[in-house]
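Q: Have a look at the structure that comes next, please.
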Amino acid sequence: MLLLRNQWKTWLLTDTPQSSSQAYVGRIYIGILEFSKNHLAVLGLAIILSLILVAIFAPWIAPYDPVETNLANRLQPLSGKHFFGTDEVGRDIFSRIIHGSRLTLYVIGLVAIIAAPVGIIVGTVSGYFGGIVDTVLMRITDIFLAFPKLILALAFVAALGPGIENAIIAISITSWPPYARIARAETLTIRGRDFINAIKLQGANPLRIIAGHIMPLCMSSLIIRVTLDMAGIILTAAGLGFLGLGAQPPSPEWGAMTSAGRAFILDHWWLITMPGSAIFIVSLAFNLFGDGLREVLDPKREQA
Amino acid sequence: MIAIEHLNIVFGQGANRSHALKGVDLEIAAGESFGLVGESGSGKSTVLNCITGLLSHWTGRISIDGTDLSGQRDKAFYRKVQMVFQDPYGSLHPRHTVDKTLKEPVLIHGLGDANARVERVLDEVGLGNRFRFRYPHQLSGGQRQRVAVARALILEPSVLLLDEPTSALDVSIQAEVLNLLQRVRKERNLTFLLVSHDLAVVSHMCSRVAVMNRGEIVEQVNRNQLQAGTFSDRYTTQLFKASKGYDRSVINGFVDHFTRSEEA
């Protein structure tokens with residue numbers, strides 16, 4: 001068994017890989033080794049992974065239906081029957097937080113899928129071509145950057161109507177400009193380098209150069225930034241929920257839950273504390289994880 | 001093979017205006033190894049960048065193999081003319097394995113049979129299959145420069161432009177890379193245009209040499225003149241003396257050609 005493990009290790013860390021996939025996997029393995037040295041980042045990753053697991057298995061973990069009301073059972077304190085107590089209409093807060101993890105993941109997942117690609121495409125294209133393309137794209141980015149994030153999101157939600165999907169669209173629209181800026185800055189430092197000139201002299205077209213040679217080098221700083229922004233996205237989504245413009249009742253969104261619990265903060269502290277803590281822990285986990293990723297992925301460190 | 005007439009290029013405007021090339025004329029025969037020497041900023045790399053199309057706002061005439069070049073280069077041009085860059089640490093993509101770097105040109109030009117081509121060219125530059133799936137950071141400077149040479153050769157060009165191919169390498173590695181270049185030139189009957197500030201490298205590699213100073217070609221000499229040190233131009237003589245190493249009495253006799261031509 002030990003022998004087998006050692007064989008794997010040599011295979012992964014070899015100086016003379018036999019195939020591209022081996023070289024690639026070996027590189028990832030070295031990254032994982034590096035990452036696991038940062039214990040706080042591993043803790044962050046563990047929390048994120050358990051969030052994902054909880055979201056997948058929510059119906060089996062949650063002891064009660066998250067939307068089922070039971071007025072006879074309202075505002076119960078923490079107990080063996082209701083781990084986190086019950087809210088003002090007798091719903092089990094623990095079950096609601098478990099189901100709310102799905103909404104949280106849904107929001108950050110969709111925002112990342114929409115905002116990050118838009119940002120990287122706008123940024124690399126404008127950085128690579130420069131000139132008039134750059135001016136036009138960057139001024140559009142500037143316009144979006146000039147809006148206060150939450151206010152613009154509020155305006156969009158007000159126009160499109162409240163709801164979690166509209167909240168996601170609103171947050172995405174306000175979060176891509178920083179990614180475009182980062183990608184453009186990276187592209188500007190990369191595009192004059194010799195390896196880009198070399199591929200140009202190989203006859204590559206701009207599409208191949210941007211997608212195959214520039215984007216991979218922008219990826220790491222972008223992934224770091226997106227991960228660190230996840231916390232902000234969760235908070236914005238919670239903020240919209242809190243203002244009643246995100247997820248609508250009775251869906252168990254954490255921000256909406258804290259908002260509803262606000263009225264009972266003095267006598268029934270668990271109504272607001274439990275979803276608030278969930279937001280806090282998940283945001284913190286993403287920050288820790290992002291910090292660890294930065295240590296592994298930062299291209300500036302690697303080139304030294 | 002390469003003919004350049006009245007090549008002019010100007011960078012910047014107004015106070016920052018810099019006339020980098022002032023009517024450069026060159027004529028390089030097929031299979032010849034031609035050297036371009038001069039100090040930093042004399043415009044020798046700019047000539048290469050004009051040929052490759054990395055700079056496009058030049059005026060004059062550049063023709064390769066009888067066909068005149070315009071602002072845009074087509075794929076056929078890049079199959080004929082390839083380039084090796086000065087800094088092997090900057091000319092390879094840090095996230096691409098050697099294999100990927102070498103396969104890319106084959107894919108772009110749709111040549112097919114990529115694996116066999118990569119193996120063949122790696123053998124040719126003396127690296128072998130062991131290095132095929134390494135990343136650039138797992139290679140030494142000399143090995144990287146061999147990969148860069150392999151990348152230039154994989155499209156089977158007839159002209160190789162060399163921009164100070166050894167100046168970033170250790171002295172012991174320089175000789176290896178120069179010998180490699182000599183060998184592939186013989187085997188493939190390539191035309192070389194070698195840019196360097198190192199007269200020793202140029203006299204080893206080239207049969208004819210043009211000396212550049214401040215955007216102009218001041219003299220063209222052959223290998224015998226270069227080895228004997230018989231030049232007609234004062235700047236060339238000075239460059240030749242400087243290349244012999246530091247000597248106070250020689251240095252004291254130098255004229256600053258920058259201020260001299262400003263006064264003129």
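Each chain of the structure tokens is named A, B, ... in the order shown, its residues numbered from 1; ligands are numbered from 1 in display order.
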Got a sec: who's within 7 Å of Arg134 in chain B, counting only C-alpha atoms, leaving out chain neighbours fewer than 2 positions off, as a ChimeraX atom specification?

A: /A:16-17,23 /B:97-98,131-132,136,138

Q: Please report, as a tab-separated table, each residue of chain A lying at most 12 Å from chain B, together with the nearest pair of atoms and the separation in Å rounded to one decimal; use only C-alpha atoms, and order rows by chain and ascending residue number.

A:
residue	atom	partner	partner_atom	distance
A:Leu13	CA	B:Arg134	CA	11.4
A:Thr14	CA	B:Arg134	CA	9.7
A:Asp15	CA	B:Arg134	CA	7.2
A:Thr16	CA	B:Arg130	CA	5.5
A:Pro17	CA	B:Phe133	CA	5.6
A:Gln18	CA	B:Phe133	CA	6.6
A:Ser19	CA	B:Phe133	CA	6.0
A:Ser20	CA	B:Phe133	CA	5.7
A:Ser21	CA	B:Phe133	CA	8.9
A:Gln22	CA	B:Phe133	CA	8.3
A:Ala23	CA	B:Phe133	CA	6.1
A:Tyr24	CA	B:Thr97	CA	8.9
A:Val25	CA	B:Phe133	CA	11.7
A:Gly26	CA	B:Arg134	CA	10.5
A:Arg27	CA	B:Tyr135	CA	9.4
A:Ile190	CA	B:His93	CA	10.2
A:Arg191	CA	B:His93	CA	11.6
A:Gly192	CA	B:Gly90	CA	10.3
A:Arg193	CA	B:Gly90	CA	6.6
A:Asp194	CA	B:Ser91	CA	4.5
A:Phe195	CA	B:Ser91	CA	4.0
A:Ile196	CA	B:Ser91	CA	7.7
A:Asn197	CA	B:Leu54	CA	7.4
A:Ala198	CA	B:Ser91	CA	6.6
A:Ile199	CA	B:Pro105	CA	7.9
A:Lys200	CA	B:Leu54	CA	8.3
A:Leu201	CA	B:Tyr78	CA	6.2
A:Gln202	CA	B:Pro105	CA	5.7
A:Gly203	CA	B:Lys75	CA	5.4
A:Ala204	CA	B:Ile108	CA	6.3
A:Asn205	CA	B:Ile108	CA	8.7
A:Leu207	CA	B:Ile108	CA	11.8
A:Arg208	CA	B:Ile108	CA	9.1
A:Ile209	CA	B:Glu104	CA	10.8
A:Gly212	CA	B:His96	CA	9.7
A:His213	CA	B:His93	CA	7.4
A:Ile214	CA	B:His93	CA	9.5
A:Met215	CA	B:Arg95	CA	10.9
A:Pro216	CA	B:Arg95	CA	7.7
A:Leu217	CA	B:Arg95	CA	7.6
A:Cys218	CA	B:Arg95	CA	11.3
A:Met219	CA	B:Arg95	CA	11.3
A:Ser220	CA	B:Arg95	CA	11.3
A:Leu297	CA	B:Arg95	CA	11.7
A:Pro299	CA	B:Pro94	CA	9.5
A:Lys300	CA	B:Pro94	CA	11.4
A:Glu302	CA	B:His137	CA	9.1
A:Gln303	CA	B:Pro94	CA	8.0
A:Ala304	CA	B:His137	CA	10.0

Q: Closest to Glu5 in chain B among B:Asn224, B:Gln238, B:Thr59, B:Asn189, using only C-alpha atoms?

A: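 Using only C-alpha atoms, Glu5 in chain B sits closest to B:Thr59.
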
Q: Quick one: residues within 12 Å of Ala116 in chain B, only C-alpha atoms, excluding same-chain residues fewer than 3 positions away - as a PyMOL selection string?

A: chain B and resi 99+102-103+106+111-113+119-123+129+154

Q: Could you jot down the CA of Val37 in chain B to CA of Ser172 in chain B separation for me, Å, one decimal place?

A: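 Distance reported for this atom pair: 21.5 Å.
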
Q: Can you list, as a list in words, every protein, DNA or RNA residue that comes within 10 Å of Glu176 in chain B when you count only C-alpha atoms, leaving out same-chain residues fewer than 5 positions away?

A: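 Answer for this query is Gly142, Arg146, Thr166, Val171, Leu181 and Gln182 of chain B.
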
Q: Go ahead and write the selection's residues with N, CA, C and O atoms as a PDB file, in the first residue's frame.

A:
ATOM      1  N   GLY B 142      19.647  27.550 -21.520  1.00  0.00           N
ATOM      2  CA  GLY B 142      20.089  26.964 -22.783  1.00  0.00           C
ATOM      3  C   GLY B 142      19.037  26.039 -23.369  1.00  0.00           C
ATOM      4  O   GLY B 142      18.777  26.053 -24.571  1.00  0.00           O
ATOM      5  N   ARG B 146      16.922  26.299 -26.886  1.00  0.00           N
ATOM      6  CA  ARG B 146      16.804  25.200 -27.849  1.00  0.00           C
ATOM      7  C   ARG B 146      15.340  24.983 -28.227  1.00  0.00           C
ATOM      8  O   ARG B 146      15.022  24.728 -29.392  1.00  0.00           O
ATOM      9  N   THR B 166      22.015  34.588 -28.180  1.00  0.00           N
ATOM     10  CA  THR B 166      22.812  34.013 -27.081  1.00  0.00           C
ATOM     11  C   THR B 166      23.177  35.029 -26.010  1.00  0.00           C
ATOM     12  O   THR B 166      23.819  34.676 -25.035  1.00  0.00           O
ATOM     13  N   VAL B 171      28.307  31.976 -20.897  1.00  0.00           N
ATOM     14  CA  VAL B 171      29.292  31.865 -21.976  1.00  0.00           C
ATOM     15  C   VAL B 171      29.400  30.423 -22.472  1.00  0.00           C
ATOM     16  O   VAL B 171      29.436  30.159 -23.668  1.00  0.00           O
ATOM     17  N   LEU B 181      22.996  26.277 -34.003  1.00  0.00           N
ATOM     18  CA  LEU B 181      22.485  27.106 -35.107  1.00  0.00           C
ATOM     19  C   LEU B 181      23.291  26.893 -36.377  1.00  0.00           C
ATOM     20  O   LEU B 181      22.720  26.782 -37.476  1.00  0.00           O
ATOM     21  N   GLN B 182      24.618  26.817 -36.225  1.00  0.00           N
ATOM     22  CA  GLN B 182      25.479  26.550 -37.386  1.00  0.00           C
ATOM     23  C   GLN B 182      25.089  25.241 -38.050  1.00  0.00           C
ATOM     24  O   GLN B 182      24.991  25.145 -39.269  1.00  0.00           O
TER      25      GLN B 182
END

Q: Can you pull out the residues contacting range 227-236 of chain B? Cut-off 8 Å, using only C-alpha atoms, and skip same-chain residues under 2 positions away; I want them as JSON, numbers by chain.

A: {"B": [203, 211, 213, 218, 219, 221, 223, 224, 225, 238, 239, 240, 257]}

Q: List as a PyMOL selection string the protein and nucleic acid residues near range 24-34 of chain B, meaning an atom at most 6 Å away when only C-alpha atoms are counted, but skip any in the same chain fewer than 4 places from it.

A: chain B and resi 1-7+189-193+206-209

Q: Just write the chosen residues, N, CA, C and O atoms, as a short mmCIF file (atom, residue, chain, number, x, y, z; two decimals), in the first residue's frame.

A:
data_model
loop_
_atom_site.label_atom_id
_atom_site.label_comp_id
_atom_site.auth_asym_id
_atom_site.auth_seq_id
_atom_site.Cartn_x
_atom_site.Cartn_y
_atom_site.Cartn_z
N MET B 1 17.82 36.73 -51.19
CA MET B 1 16.72 36.19 -50.39
C MET B 1 15.98 37.32 -49.66
O MET B 1 14.77 37.42 -49.71
N ILE B 2 16.75 38.16 -48.97
CA ILE B 2 16.17 39.33 -48.31
C ILE B 2 16.75 40.58 -48.95
O ILE B 2 17.96 40.71 -49.05
N ALA B 3 15.89 41.46 -49.39
CA ALA B 3 16.37 42.73 -49.92
C ALA B 3 15.64 43.86 -49.21
O ALA B 3 14.41 43.85 -49.12
N ILE B 4 16.40 44.82 -48.69
CA ILE B 4 15.81 45.95 -47.99
C ILE B 4 16.35 47.22 -48.64
O ILE B 4 17.56 47.35 -48.82
N GLU B 5 15.44 48.11 -48.99
CA GLU B 5 15.87 49.38 -49.59
C GLU B 5 15.21 50.55 -48.88
O GLU B 5 14.01 50.55 -48.68
N HIS B 6 16.01 51.54 -48.55
CA HIS B 6 15.54 52.79 -47.97
C HIS B 6 14.54 52.57 -46.83
O HIS B 6 13.48 53.20 -46.79
N LEU B 7 14.84 51.66 -45.95
CA LEU B 7 13.92 51.39 -44.84
C LEU B 7 14.00 52.53 -43.83
O LEU B 7 15.06 52.84 -43.30
N ASN B 189 20.10 24.35 -45.07
CA ASN B 189 20.45 25.39 -46.03
C ASN B 189 19.63 26.67 -45.79
O ASN B 189 18.97 27.19 -46.67
N LEU B 190 19.69 27.13 -44.53
CA LEU B 190 18.91 28.31 -44.14
C LEU B 190 19.65 29.60 -44.43
O LEU B 190 20.87 29.62 -44.52
N THR B 191 18.88 30.67 -44.58
CA THR B 191 19.46 32.01 -44.63
C THR B 191 19.34 32.62 -43.24
O THR B 191 18.26 32.61 -42.67
N PHE B 192 20.45 33.11 -42.71
CA PHE B 192 20.42 33.71 -41.37
C PHE B 192 20.55 35.23 -41.45
O PHE B 192 21.35 35.73 -42.23
N LEU B 193 19.77 35.91 -40.63
CA LEU B 193 20.05 37.32 -40.37
C LEU B 193 20.22 37.43 -38.86
O LEU B 193 19.27 37.30 -38.10
N CYS B 206 29.00 34.59 -39.11
CA CYS B 206 28.55 35.24 -40.34
C CYS B 206 29.67 35.43 -41.35
O CYS B 206 30.82 35.62 -40.98
N SER B 207 29.27 35.40 -42.62
CA SER B 207 30.26 35.65 -43.66
C SER B 207 30.34 37.13 -44.00
O SER B 207 31.36 37.62 -44.44
N ARG B 208 29.22 37.84 -43.80
CA ARG B 208 29.23 39.28 -44.03
C ARG B 208 28.54 39.98 -42.88
O ARG B 208 27.61 39.44 -42.28
N VAL B 209 28.99 41.20 -42.60
CA VAL B 209 28.47 41.91 -41.45
C VAL B 209 28.20 43.36 -41.82
O VAL B 209 29.01 43.98 -42.51
#

Q: Give me, as a count of residues only, the residues of range 14-214 of chain B that a backbone DSSP run labels alpha helix (DSSP H).

A: 75
